[in-house]
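Peer 1: I'm passing along model.txt; it holds compact mmCIF, C-alpha atoms.
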# COMPACT_ATOMS: atom_id res chain seq x y z
CA MET R 1 21.45 -1.84 -103.84
CA LYS R 2 21.07 -1.80 -100.01
CA VAL R 3 22.47 -5.32 -99.82
CA TRP R 4 25.60 -4.27 -101.74
CA ILE R 5 26.10 -1.24 -99.50
CA SER R 6 25.83 -3.48 -96.42
CA ILE R 7 28.34 -5.95 -97.85
CA LEU R 8 30.77 -3.18 -98.79
CA THR R 9 30.45 -1.62 -95.33
CA SER R 10 31.18 -4.97 -93.66
CA MET R 11 34.22 -5.49 -95.93
CA VAL R 12 35.60 -2.04 -95.16
CA PHE R 13 35.04 -2.62 -91.43
CA CYS R 14 36.80 -5.99 -91.48
CA LEU R 15 39.70 -4.61 -93.55
CA SER R 16 40.16 -1.73 -91.09
CA LEU R 17 40.04 -4.21 -88.22
CA PHE R 18 42.89 -6.30 -89.60
CA ALA R 19 44.87 -3.33 -90.90
CA ASN R 20 44.78 -1.62 -87.53
CA LYS R 21 46.65 -4.34 -85.65
CA GLU R 22 48.88 -6.71 -87.57
CA ASN R 23 47.64 -10.29 -86.97
CA ASN R 24 45.17 -8.87 -84.43
CA ARG R 25 47.79 -8.44 -81.70
CA LEU R 26 46.96 -6.41 -78.64
CA TYR R 27 48.59 -5.70 -75.30
CA LEU R 28 46.92 -6.30 -71.92
CA LYS R 29 47.50 -3.46 -69.44
CA PRO R 30 48.71 -4.59 -65.96
CA LYS R 31 46.11 -2.51 -64.08
CA THR R 32 43.04 -0.52 -65.06
CA ILE R 33 40.76 1.58 -62.86
CA ILE R 34 37.18 1.40 -64.09
CA GLY R 35 33.84 2.89 -63.10
CA VAL R 36 30.30 1.56 -63.19
CA GLY R 37 28.61 0.29 -66.33
CA GLU R 38 30.19 -1.16 -69.46
CA VAL R 39 33.88 -1.98 -69.91
CA ARG R 40 35.08 -2.05 -73.51
CA LEU R 41 38.16 -3.78 -74.90
CA SER R 42 40.08 -0.53 -75.50
CA GLU R 43 39.79 0.47 -71.81
CA PHE R 44 42.14 -2.21 -70.47
CA THR R 45 44.22 -2.97 -73.61
CA ASN R 46 45.94 -0.90 -76.29
CA TRP R 47 43.35 -1.95 -78.87
CA LYS R 48 42.43 0.83 -81.34
CA GLY R 49 40.39 -1.09 -83.89
CA ASN R 50 36.95 0.05 -85.09
CA TRP R 51 35.47 -3.04 -83.48
CA ASN R 52 35.47 -2.29 -79.74
CA PRO R 53 33.29 -4.85 -77.96
CA ILE R 54 31.84 -4.66 -74.44
CA VAL R 55 33.77 -7.30 -72.49
CA PHE R 56 32.41 -6.73 -68.95
CA ARG R 57 29.37 -5.08 -67.38
CA ASN R 58 28.74 -3.71 -63.87
CA VAL R 59 31.92 -5.03 -62.29
CA LYS R 60 31.52 -5.21 -58.49
CA ALA R 61 34.91 -6.62 -57.48
CA PRO R 62 38.41 -6.81 -58.99
CA ILE R 63 38.76 -9.14 -61.98
CA ILE R 64 42.08 -10.79 -62.79
CA ILE R 65 42.47 -11.28 -66.54
CA SER R 66 44.96 -13.67 -68.11
CA PRO R 67 46.04 -13.31 -71.78
CA GLU R 68 44.56 -16.75 -72.50
CA PHE R 69 41.19 -15.82 -70.99
CA LEU R 70 41.02 -12.56 -72.94
CA THR R 71 42.01 -14.30 -76.20
CA ASP R 72 39.17 -16.80 -75.84
CA THR R 73 36.67 -14.13 -74.78
CA ILE R 74 37.20 -11.69 -77.65
CA THR R 75 37.45 -14.52 -80.19
CA THR R 76 34.01 -15.73 -79.04
CA LEU R 77 32.59 -12.19 -79.10
CA TYR R 78 33.88 -11.63 -82.63
CA SER R 79 32.44 -14.89 -83.83
CA LYS R 80 29.02 -14.11 -82.33
CA GLU R 81 28.91 -10.64 -83.82
CA PHE R 82 30.22 -11.33 -87.33
CA GLY R 83 29.57 -15.04 -87.74
CA GLY R 84 33.10 -15.73 -88.93
CA GLU R 85 36.27 -16.91 -87.28
CA THR R 86 39.49 -14.99 -86.70
CA SER R 87 42.40 -15.28 -84.30
CA PHE R 88 43.64 -12.78 -81.74
CA GLU R 89 46.96 -12.69 -79.89
CA VAL R 90 46.99 -11.03 -76.46
CA MET R 91 50.44 -10.07 -75.21
CA GLY R 92 51.53 -9.04 -71.74
CA LYS R 93 51.20 -10.66 -68.35
CA GLU R 94 48.18 -10.87 -66.12
CA GLY R 95 45.98 -7.76 -65.88
CA ILE R 96 43.50 -6.62 -63.27
CA LEU R 97 40.37 -4.47 -63.40
CA LEU R 98 39.73 -2.37 -60.29
CA PRO R 99 36.17 -1.04 -60.05
CA ARG R 100 35.42 2.22 -58.27
CA THR R 101 31.71 1.97 -57.59
CA SER R 102 31.39 3.68 -54.19
CA ASN R 103 32.74 6.65 -52.24
CA ALA R 104 33.90 7.08 -48.65
CA SER R 105 32.64 10.32 -47.10
CA LYS R 106 34.90 12.86 -45.38
CA LYS R 107 33.78 11.63 -41.94
CA GLU R 108 34.29 7.97 -42.88
CA LEU R 109 37.85 8.75 -43.97
CA GLU R 110 38.56 10.64 -40.73
CA ASP R 111 37.06 7.93 -38.49
CA SER R 112 38.90 5.15 -40.33
CA LEU R 113 42.28 6.91 -40.15
CA TRP R 114 41.78 7.92 -36.50
CA LYS R 115 41.10 4.30 -35.55
CA ALA R 116 44.27 3.16 -37.34
CA LEU R 117 46.36 5.96 -35.79
CA SER R 118 45.09 5.13 -32.30
CA LEU R 119 46.16 1.49 -32.70
CA SER R 120 49.64 2.38 -33.98
CA ASN R 121 50.40 5.25 -31.56
CA GLN R 122 52.62 4.14 -28.68
CA ASN R 123 51.00 6.44 -26.11
CA GLY R 124 47.44 6.24 -27.40
CA LEU R 125 45.55 9.22 -28.77
CA GLY R 126 42.38 9.11 -26.69
CA GLU R 127 39.20 10.42 -28.21
CA MET R 128 39.17 12.59 -31.32
CA GLY R 129 39.46 16.20 -30.14
CA GLU R 130 40.98 15.35 -26.77
CA ASN R 131 44.59 16.12 -27.74
CA PHE R 132 44.50 15.92 -31.53
CA ARG R 133 41.98 16.15 -34.32
CA ILE R 134 42.31 15.30 -38.01
CA GLN R 135 40.52 16.70 -41.05
CA SER R 136 40.41 15.14 -44.49
CA GLU R 137 41.12 17.66 -47.22
CA LYS R 138 38.89 15.63 -49.57
CA GLU R 139 35.11 15.72 -49.19
CA SER R 140 34.90 12.14 -50.46
CA PHE R 141 37.19 9.46 -51.88
CA PRO R 142 36.41 6.67 -54.41
CA ILE R 143 36.84 3.20 -52.92
CA ILE R 144 37.80 0.14 -54.96
CA SER R 145 34.94 -2.29 -54.45
CA GLY R 146 35.69 -5.80 -53.25
CA THR R 147 39.05 -4.90 -51.70
CA SER R 148 40.35 -4.43 -48.13
CA PRO R 149 41.67 -0.86 -47.57
CA VAL R 150 44.58 -0.54 -45.10
CA TRP R 151 46.32 2.66 -43.94
CA ARG R 152 50.12 2.54 -44.22
CA SER R 153 53.14 4.43 -42.75
CA LEU R 154 51.26 5.77 -39.74
CA GLY R 155 54.24 6.13 -37.41
CA ARG R 156 54.26 5.78 -33.62
CA SER R 157 53.61 9.44 -32.82
CA LEU R 158 51.50 12.22 -34.26
CA HIS R 159 52.60 15.75 -35.13
CA PRO R 160 50.57 18.76 -36.27
CA GLY R 161 50.67 19.90 -39.89
CA LYS R 162 49.63 18.72 -43.35
CA ARG R 163 50.40 15.12 -44.22
CA LEU R 164 49.67 12.53 -46.90
CA PHE R 165 48.54 9.14 -45.60
CA PRO R 166 48.88 6.19 -48.05
CA LEU R 167 45.81 3.97 -48.33
CA ASP R 168 46.57 0.49 -49.70
CA PHE R 169 43.94 -1.76 -51.29
CA TYR R 170 44.34 -5.54 -50.93
CA PHE R 171 42.60 -8.22 -52.98
CA GLU R 172 43.02 -11.90 -52.12
CA GLY R 173 45.90 -10.97 -49.81
CA LYS R 174 47.83 -9.02 -52.44
CA LEU R 175 48.40 -5.28 -52.76
CA VAL R 176 46.60 -4.18 -55.94
CA HIS R 177 46.51 -0.39 -55.62
CA SER R 178 47.65 2.47 -53.40
CA GLU R 179 46.77 6.17 -53.19
CA SER R 180 47.69 8.96 -50.77
CA ILE R 181 45.03 11.13 -49.14
CA PRO R 182 45.86 14.58 -47.68
CA PHE R 183 44.90 15.34 -44.07
CA LEU R 184 45.32 18.31 -41.76
CA ILE R 185 46.45 17.35 -38.24
CA GLU R 186 45.78 19.80 -35.42
CA GLU R 187 47.16 19.55 -31.89
CA LYS R 188 45.50 20.98 -28.80
CA LYS R 189 47.65 23.70 -27.25
CA LYS R 190 47.49 26.25 -24.47
CA ALA R 191 48.64 29.83 -24.82
CA TYR R 192 48.01 33.30 -23.51
CA PHE R 193 45.81 35.44 -25.76
CA THR R 194 45.40 39.20 -25.79
CA THR R 195 42.00 40.43 -24.62
CA LYS R 196 42.32 43.81 -26.34
CA GLU R 197 44.59 45.73 -28.68
CA ILE R 198 48.08 46.09 -27.20
CA PRO R 199 50.46 48.81 -28.47
CA ALA R 200 54.14 47.98 -28.89
CA LYS R 201 56.39 48.47 -25.82
CA THR R 202 53.45 47.97 -23.45
CA VAL R 203 54.13 46.20 -20.15
CA LEU R 204 51.41 43.54 -19.98
CA THR R 205 48.94 43.44 -17.07
CA GLU R 206 46.38 40.87 -15.87
CA ASN R 207 43.67 42.71 -17.82
CA ASP R 208 45.59 42.40 -21.10
CA VAL R 209 45.85 38.61 -21.35
CA GLU R 210 44.08 35.34 -20.57
CA LEU R 211 45.00 31.64 -20.89
CA ARG R 212 43.06 29.69 -23.55
CA SER R 213 43.06 26.24 -25.18
CA PHE R 214 42.96 25.96 -28.96
CA PHE R 215 43.82 23.64 -31.85
CA SER R 216 46.68 24.46 -34.19
CA ALA R 217 48.30 22.74 -37.19
CA ASP R 218 51.41 24.92 -36.80
CA SER R 219 54.35 22.95 -35.41
CA PHE R 220 56.90 25.76 -35.74
CA ARG R 221 55.45 28.60 -33.69
CA GLU R 222 56.20 28.52 -29.97
CA PHE R 223 53.31 29.96 -28.00
CA THR R 224 53.81 31.12 -24.43
CA GLU R 225 52.10 29.08 -21.71
CA GLU R 226 53.99 31.03 -19.03
CA ASN R 227 52.11 34.02 -17.68
CA PRO R 228 53.46 37.06 -19.60
CA VAL R 229 52.21 39.63 -17.08
CA GLY R 230 55.03 42.06 -16.35
CA LYS R 231 56.75 41.39 -19.65
CA THR R 232 56.92 43.91 -22.48
CA ALA R 233 55.19 43.44 -25.82
CA LEU R 234 57.97 43.91 -28.37
CA ASN R 235 55.39 44.48 -31.13
CA GLY R 236 51.78 45.57 -31.18
CA PHE R 237 48.98 42.98 -30.82
CA LEU R 238 45.42 42.86 -32.10
CA PRO R 239 42.70 41.50 -29.78
CA ASP R 240 42.32 37.68 -29.51
CA THR R 241 45.88 36.98 -30.68
CA ALA R 242 47.92 34.04 -29.38
CA ILE R 243 51.18 35.34 -27.95
CA GLU R 244 54.41 33.71 -29.10
CA LYS R 245 57.42 33.41 -26.80
CA LYS R 246 59.56 35.61 -29.02
CA GLN R 247 56.98 38.42 -29.01
CA VAL R 248 57.27 39.31 -25.30
CA ARG R 249 60.26 39.84 -23.09
CA THR R 250 61.18 41.04 -19.63
CA LEU R 251 62.92 44.37 -20.23
CA HIS R 252 65.28 45.89 -17.65
CA THR R 253 66.21 49.50 -17.01
CA ILE R 254 69.70 48.47 -18.10
CA GLU R 255 70.34 45.42 -20.25
CA ARG R 256 73.44 43.25 -20.12
CA GLY R 257 76.04 44.39 -22.67
CA GLN R 258 74.62 47.91 -22.78
CA GLU R 259 77.01 50.87 -22.57
CA VAL R 260 76.42 52.64 -19.24
CA GLU R 261 77.50 56.01 -17.88
CA LEU R 262 78.86 55.55 -14.36
CA VAL R 263 78.41 58.62 -12.15
CA TYR R 264 80.45 59.28 -9.00
CA THR R 265 80.13 62.35 -6.79
CA THR R 266 82.28 63.41 -3.89
CA GLY R 267 81.81 66.87 -2.48
CA ASN R 268 81.56 69.29 -5.39
CA LEU R 269 83.36 66.86 -7.68
CA LEU R 270 81.35 64.96 -10.33
CA LEU R 271 82.99 62.11 -12.27
CA LYS R 272 81.51 60.31 -15.25
CA ILE R 273 83.05 57.08 -16.60
CA LYS R 274 82.12 54.96 -19.61
CA THR R 275 81.36 51.36 -18.62
CA ARG R 276 79.55 48.28 -19.94
CA ALA R 277 76.90 46.36 -18.01
CA LEU R 278 77.92 42.79 -17.20
CA SER R 279 74.35 41.87 -16.18
CA SER R 280 70.84 43.29 -16.49
CA GLY R 281 69.18 45.24 -13.71
CA ASN R 282 66.22 47.44 -12.81
CA GLN R 283 66.17 50.77 -11.02
CA GLY R 284 67.63 50.47 -7.50
CA GLU R 285 69.44 47.18 -8.14
CA GLU R 286 73.23 46.85 -7.92
CA ILE R 287 74.93 45.37 -10.99
CA PRO R 288 78.55 44.74 -12.08
CA LEU R 289 80.06 47.13 -14.64
CA LEU R 290 83.22 46.90 -16.70
CA ASN R 291 85.38 50.06 -16.72
CA LEU R 292 86.23 50.44 -20.41
CA ALA R 293 89.42 52.37 -19.66
CA THR R 294 90.96 50.11 -17.00
CA GLN R 295 89.07 46.85 -17.79
CA LYS R 296 88.30 46.52 -14.07
CA THR R 297 84.94 45.46 -12.65
CA ILE R 298 82.97 47.92 -10.54
CA LYS R 299 79.64 47.44 -8.75
CA ALA R 300 77.14 50.29 -9.01
CA ARG R 301 73.44 50.91 -8.47
CA VAL R 302 71.04 51.42 -11.40
CA GLN R 303 69.68 54.99 -11.31
CA ASN R 304 67.78 55.22 -14.60
CA GLU R 305 68.14 54.22 -18.26
CA GLY R 306 71.83 54.14 -19.20
CA VAL R 307 73.03 55.58 -15.86
CA CYS R 308 74.43 53.90 -12.75
CA LEU R 309 75.55 55.57 -9.53
CA LEU R 310 78.72 54.56 -7.73
CA GLU R 311 78.16 54.72 -4.00
CA GLU R 312 80.74 55.33 -1.34
CA ARG R 313 81.69 52.24 0.61
If you convert what's in this file into structure tokens, what do you get?
Peer 2:
Amino acid sequence: MKVWISILTSMVFCLSLFANKENNRLYLKPKTIIGVGEVRLSEFTNWKGNWNPIVFRNVKAPIIISPEFLTDTITTLYSKEFGGETSFEVMGKEGILLPRTSNASKKELEDSLWKALSLSNQNGLGEMGENFRIQSEKESFPIISGTSPVWRSLGRSLHPGKRLFPLDFYFEGKLVHSESIPFLIEEKKKAYFTTKEIPAKTVLTENDVELRSFFSADSFREFTEENPVGKTALNGFLPDTAIEKKQVRTLHTIERGQEVELVYTTGNLLLKIKTRALSSGNQGEEIPLLNLATQKTIKARVQNEGVCLLEER
């Protein structure tokens, strides 16, 4: 009884094998990424039969597979396992198995890319952390064993921000695989920082700010390297905040384009005329004004906010 069950099982298995793929045809995939251990037929072909033999074990370097080689290999495996003969037809062009059996650490990725960037940069980058520093956004990355990894599209200059760097893998002088790895690039900058909380509209003093160096990945914000003492904080600041150029400004008692009341006195007579400031000025300075009624230019001295005094000549 057991013998008959075994025979029937073998017949069903063989029938399903031949029914699954007409004339035992299968297609060889052009490229397959594999891990450690066993590699079965269905991993690098479109084979879906019940018989799924182990074709390779513990691959340490890329293997190039031709349709002829695979046909001979699986025919031999079938014959050894079942004792009979059958024919297989492998379609497709050459295929390649790419084993990932090791990982590059975060630091290894950073050191490798930094070395490549330093060689390609026209001005040189110096040491890591001198003017720039890079950080891999991956803690580790699987490397294809037996290949030569080469960084691509590095450019001749470096800019802060997030960027994908393509890493190409070469085998026997040919490109076999490529993947992009994300990095954060930070540039060393100088800027004035607040030393304490600064309310809006505060005129900055030496005690409010100090010059510091820091790394930033932001390429859009313009920080002020020019001493902002004497300028007005347009908005409030928290302590230890880098000051942007647009956040401080030198404010005048009267700003250019502002409507100004021109005052003229002679004896007991007081005249007031509407004018517009043609330049900015602080208290005590003489600035040109445009008489809105006559469109003539008059020079007057700034008295206070919005008021200028016309002096007798």
Peer 1: With a distance cut-off of 9 Å and all atoms listed in the file, select the neighbouring residues of stretch 226-242 of chain R, excluding the residue or stretch itself and same-chain residues fewer than 3 positions from it, and output the selection as an NGL selection string.
Peer 2: :R and (191-206 or 208-212 or 223 or 245-251)
Peer 1: Write the residues you've just listed into a file as a CSV table (one decimal), in the coordinates of the input, and include C-alpha atoms for each of them.
Peer 2:
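So part-v9.csv came out as:
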chain,number,residue,atom,x,y,z
R,191,ALA,CA,48.6,29.8,-24.8
R,192,TYR,CA,48.0,33.3,-23.5
R,193,PHE,CA,45.8,35.4,-25.8
R,194,THR,CA,45.4,39.2,-25.8
R,195,THR,CA,42.0,40.4,-24.6
R,196,LYS,CA,42.3,43.8,-26.3
R,197,GLU,CA,44.6,45.7,-28.7
R,198,ILE,CA,48.1,46.1,-27.2
R,199,PRO,CA,50.5,48.8,-28.5
R,200,ALA,CA,54.1,48.0,-28.9
R,201,LYS,CA,56.4,48.5,-25.8
R,202,THR,CA,53.4,48.0,-23.4
R,203,VAL,CA,54.1,46.2,-20.2
R,204,LEU,CA,51.4,43.5,-20.0
R,205,THR,CA,48.9,43.4,-17.1
R,206,GLU,CA,46.4,40.9,-15.9
R,208,ASP,CA,45.6,42.4,-21.1
R,209,VAL,CA,45.8,38.6,-21.4
R,210,GLU,CA,44.1,35.3,-20.6
R,211,LEU,CA,45.0,31.6,-20.9
R,212,ARG,CA,43.1,29.7,-23.6
R,223,PHE,CA,53.3,30.0,-28.0
R,245,LYS,CA,57.4,33.4,-26.8
R,246,LYS,CA,59.6,35.6,-29.0
R,247,GLN,CA,57.0,38.4,-29.0
R,248,VAL,CA,57.3,39.3,-25.3
R,249,ARG,CA,60.3,39.8,-23.1
R,250,THR,CA,61.2,41.0,-19.6
R,251,LEU,CA,62.9,44.4,-20.2
Peer 1: Of the candidates R:Ala277, R:Leu158, R:Ile181, R:Val176, which shows the shortest atom-to-atom distance to R:Lys106, using only C-alpha atoms?
Peer 2: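 Ranked by minimum distance to R:Lys106, first place goes to R:Ile181.
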Peer 1: For R:Lys162, which of R:Ser216, R:Asn131, R:Ile33, R:Ile273 is the closest residue, counting all atoms listed in the file?
Peer 2: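 Of R:Ser216, R:Asn131, R:Ile33, R:Ile273, the one nearest R:Lys162 is R:Ser216, counting all atoms listed in the file.
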Peer 1: Quick one: of R:Asp111, R:Glu89, R:Glu137, R:Asp72, who's nearest to R:Trp47, counting only C-alpha atoms?
Peer 2: R:Glu89
Peer 1: Restricting the calculation to all atoms listed in the file: of R:Thr253, R:Thr86, R:Asn58, R:Thr147, which residue gets closest to R:Ser279?
Peer 2: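 Selected residue with least distance to R:Ser279: R:Thr253.
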Peer 1: For a cut-off of 7 Å around (50.9, 15.5, -33.0), file coordinates, pick out all residues using only C-alpha atoms and list them as a PyMOL selection string.
Peer 2: chain R and resi 132+157-160+187
Peer 1: Could you check which of R:Pro30, R:Leu77, R:Gly83, R:Phe69 is closest to R:Asn52, using only C-alpha atoms?
Peer 2: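 Closest to R:Asn52 of all the choices is R:Leu77.
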Peer 1: Pick out the closest residue to R:Leu278 from this set: R:Val55, R:Leu290, R:Ile34, R:Ile185. Count all atoms listed in the file.
Peer 2: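 Looking at the shortest contact to R:Leu278, the residue is R:Leu290.
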Peer 1: To one decimal in Å, tell me the separation between atom CA of R:Gly284 and atom CA of R:Gly267.
Peer 2: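 These two atoms are separated by 22.3 Å.
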Peer 1: Report, in Å to a single decimal, how far apart atom CA of R:Ser136 and atom CA of R:Lys107 are.
Peer 2: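 That distance, rounded to one decimal, is 7.9 Å.
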Peer 1: For R:Glu312, list every protein, DNA or RNA residue within 9 Å, evaluated using only C-alpha atoms, and leave out those in the same chain fewer than 3 positions away; present the list as a PDB file with C-alpha atoms, keeping the file's coordinate frame.
Peer 2:
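out.pdb, freshly written:
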ATOM      1  CA  TYR R 264      80.450  59.280  -9.000  1.00  0.00           C
ATOM      2  CA  THR R 265      80.130  62.350  -6.790  1.00  0.00           C
ATOM      3  CA  THR R 266      82.280  63.410  -3.890  1.00  0.00           C
TER       4      THR R 266
END
Peer 1: Please check which residues have atoms at most 10 Å from (25.9, -6.0, -64.7) in the file's coordinates, counting only C-alpha atoms, and write them as a short mmCIF file (atom, residue, chain, number, x, y, z; two decimals) with C-alpha atoms, keeping the file's coordinate frame.
Peer 2:
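Final output, saved to selection-v1.cif:
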data_model
loop_
_atom_site.label_atom_id
_atom_site.label_comp_id
_atom_site.auth_asym_id
_atom_site.auth_seq_id
_atom_site.Cartn_x
_atom_site.Cartn_y
_atom_site.Cartn_z
CA VAL R 36 30.30 1.56 -63.19
CA GLY R 37 28.61 0.29 -66.33
CA GLU R 38 30.19 -1.16 -69.46
CA PHE R 56 32.41 -6.73 -68.95
CA ARG R 57 29.37 -5.08 -67.38
CA ASN R 58 28.74 -3.71 -63.87
CA VAL R 59 31.92 -5.03 -62.29
CA LYS R 60 31.52 -5.21 -58.49
#
Peer 1: Contacts of stretch 292-296 of chain R at 10 Å or less, counting all atoms listed in the file, minus same-chain residues fewer than 3 places along, as a PyMOL selection string?
Peer 2: chain R and resi 259+273-276+289
Peer 1: For the residues in that selection, give me C-alpha atoms as a PDB file, in the coordinates of the input.
Peer 2:
ATOM      1  CA  GLU R 259      77.010  50.870 -22.570  1.00  0.00           C
ATOM      2  CA  ILE R 273      83.050  57.080 -16.600  1.00  0.00           C
ATOM      3  CA  LYS R 274      82.120  54.960 -19.610  1.00  0.00           C
ATOM      4  CA  THR R 275      81.360  51.360 -18.620  1.00  0.00           C
ATOM      5  CA  ARG R 276      79.550  48.280 -19.940  1.00  0.00           C
ATOM      6  CA  LEU R 289      80.060  47.130 -14.640  1.00  0.00           C
TER       7      LEU R 289
END
Peer 1: Mind giving me the straight-line distance from atom CA of R:Asn50 to atom CA of R:Ser87 in Å, one decimal?
Peer 2: 16.3 Å
Peer 1: Each side padded by 6 Å, which centre and which edge lengths in Å (one decimal) define the axis-aligned box around the listed atoms of stretch 125-131 of chain R? Give them as AutoDock Vina command-line options.
Peer 2:
--center_x 42.4 --center_y 12.7 --center_z -29.0 --size_x 18.4 --size_y 19.1 --size_z 16.6
